[in-house]
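Structure first, commentary second.
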Amino acid sequence: MRAHTLSVLVENKPGVLARVAGLFRRRGFNIESLAVGTCEEPNMSRMTIVVIGDESQLEQVQKQLNKLIDVVKVSDITETETVERELALIKVSAEPGSTRAEVMQLANIFRAQIVDVGAKTVIMEVTGDTTKIDALEKLLRQYGIKELIRTGKIALQRGAKIVKSTKERVSA
């Protein structure tokens, strides 16, 4: 069992996200990460879904997604060259003095931006691949993470290669 990344082009209509999430719920699949946003196609959205499973489970997920009327294209981009990013906002304890300086130095090392400074906390914004954010999170735990939110992975295939899709519908 491993993580698979699916890029799913869907019609940008109310209820589409609920139908996709419901499909995963009904089939007992866990969504590891889900990011949705508008894309280059008018009236369309792109979902990046990370799901854990073996090849047969992935095939079943793709077949079920293809049955949804609002799904235009499903692409497994797990094995393709991609650019992947995730965003995290992390609020960490940072008392004035050496602790705050250490936290700010870690932010600098990881190219994170300090977006808010409070009396006893700082909030940083960091983007990068999942391993980078995991590493920063691990190091910040020693200072006390007060709150943390991550967007989930988003990904695009590199270059002009065509990703083989399991379903593609052309609208007239």
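We name chains A, B, ... following the order of the structure tokens; residues begin at 1 in each chain, and ligands are numbered from 1 as shown.
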
At a cut-off of 12 Å, using only C-alpha atoms, what residues contact Phe24 (chain A)? Leave out same-chain residues fewer than 2 positions from it and give the result as number ranges by chain.
A: 17-22, 26-32, 34, 49-52, 57-58, 60-65, 68

Mind writing the picked residues with C-alpha atoms as a PDB file, in the first residue's frame?
ATOM      1  CA  LEU A  17     -17.049  18.005  -4.029  1.00  0.00           C
ATOM      2  CA  ALA A  18     -19.732  16.397  -1.845  1.00  0.00           C
ATOM      3  CA  ARG A  19     -20.369  13.716  -4.477  1.00  0.00           C
ATOM      4  CA  VAL A  20     -16.656  12.919  -4.804  1.00  0.00           C
ATOM      5  CA  ALA A  21     -16.194  12.790  -1.014  1.00  0.00           C
ATOM      6  CA  GLY A  22     -19.340  10.670  -0.701  1.00  0.00           C
ATOM      7  CA  ARG A  26     -19.316   4.822   0.580  1.00  0.00           C
ATOM      8  CA  ARG A  27     -16.456   2.708  -0.768  1.00  0.00           C
ATOM      9  CA  GLY A  28     -14.485   2.880   2.494  1.00  0.00           C
ATOM     10  CA  PHE A  29     -11.489   4.700   0.958  1.00  0.00           C
ATOM     11  CA  ASN A  30      -9.607   7.238   3.025  1.00  0.00           C
ATOM     12  CA  ILE A  31      -8.568  10.504   1.417  1.00  0.00           C
ATOM     13  CA  GLU A  32      -5.080  11.340   2.660  1.00  0.00           C
ATOM     14  CA  LEU A  34      -7.604  16.794  -0.999  1.00  0.00           C
ATOM     15  CA  ILE A  49      -6.511  13.765  -4.368  1.00  0.00           C
ATOM     16  CA  VAL A  50      -3.969  11.644  -2.507  1.00  0.00           C
ATOM     17  CA  VAL A  51      -5.277   8.216  -1.556  1.00  0.00           C
ATOM     18  CA  ILE A  52      -3.490   5.315   0.138  1.00  0.00           C
ATOM     19  CA  GLN A  57      -7.850  -0.270  -4.870  1.00  0.00           C
ATOM     20  CA  LEU A  58      -6.580   2.594  -7.011  1.00  0.00           C
ATOM     21  CA  GLN A  60     -11.488   0.773  -8.225  1.00  0.00           C
ATOM     22  CA  VAL A  61     -11.288   4.418  -7.101  1.00  0.00           C
ATOM     23  CA  GLN A  62     -10.638   5.555 -10.678  1.00  0.00           C
ATOM     24  CA  LYS A  63     -13.533   3.489 -12.043  1.00  0.00           C
ATOM     25  CA  GLN A  64     -15.891   4.894  -9.423  1.00  0.00           C
ATOM     26  CA  LEU A  65     -14.758   8.470 -10.111  1.00  0.00           C
ATOM     27  CA  LEU A  68     -19.678  10.447 -11.637  1.00  0.00           C
TER      28      LEU A  68
END

Running DSSP on the backbone, which parts of region 20-62 of chain A land in alpha helix (DSSP H), as an MDAnalysis selection string?
chainID A and resid 20:27 55:62

Could you give me, as JSON, numbers by chain, each residue of chain A that DSSP assigns to strand (DSSP E or B) when run on this structure's backbone?
{"A": [2, 3, 4, 5, 6, 7, 8, 9, 10, 11, 31, 32, 33, 34, 35, 36, 37, 38, 44, 45, 46, 47, 48, 49, 50, 51, 52, 53, 71, 72, 73, 74, 75, 76, 82, 83, 84, 85, 86, 87, 88, 89, 90, 91, 92, 93, 113, 114, 115, 116, 117, 121, 122, 123, 124, 125, 126, 127, 128, 145, 146, 147, 148, 149, 150, 154, 155, 156, 157, 165, 166, 167, 168]}

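Distances from A:Asn12, A:Thr131, A:Thr151, A:Ser98 to Thr38 (chain A) were compared using only C-alpha atoms, and the smallest one belongs to A:Asn12.
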
Looking at A:Cys39, A:Ile154, A:Val92, A:Val115, which one is nearest to Glu137 (chain A), with distances taken over only C-alpha atoms?
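Ranked by minimum distance to Glu137 (chain A), first place goes to A:Val92.
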
Please determine, counting only C-alpha atoms, which residue among A:Arg150, A:Lys132, A:Arg2, A:Arg111 has the shortest atom-to-atom distance to Lys91 (chain A).
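Closest to Lys91 (chain A) of all the choices is A:Arg150.
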
For Leu136 (chain A), which of A:Pro14, A:Ala101, A:Ile90, A:Pro42 is the closest residue, counting only C-alpha atoms?
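Among A:Pro14, A:Ala101, A:Ile90, A:Pro42, it is A:Ile90 that comes nearest to Leu136 (chain A).
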
Excluding Glu84 (chain A) and residues on its chain fewer than 5 positions from it, collect all residues at most 10 Å away from it, counting only C-alpha atoms, and give them as a PDB file with C-alpha atoms, in the first residue's frame.
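Done, and the output landed in result.pdb:
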ATOM      1  CA  GLY A 128       7.249  23.230  -0.337  1.00  0.00           C
ATOM      2  CA  ASP A 129       7.024  19.515  -0.785  1.00  0.00           C
ATOM      3  CA  THR A 130       5.528  17.378   1.941  1.00  0.00           C
ATOM      4  CA  LYS A 153      -0.700  18.422  -1.828  1.00  0.00           C
ATOM      5  CA  ILE A 154      -1.296  20.127  -5.156  1.00  0.00           C
ATOM      6  CA  ALA A 155       0.549  18.889  -8.222  1.00  0.00           C
ATOM      7  CA  LEU A 156       1.033  19.535 -11.926  1.00  0.00           C
ATOM      8  CA  GLN A 157       2.817  17.340 -14.416  1.00  0.00           C
ATOM      9  CA  ARG A 158       6.126  18.718 -15.698  1.00  0.00           C
TER      10      ARG A 158
END
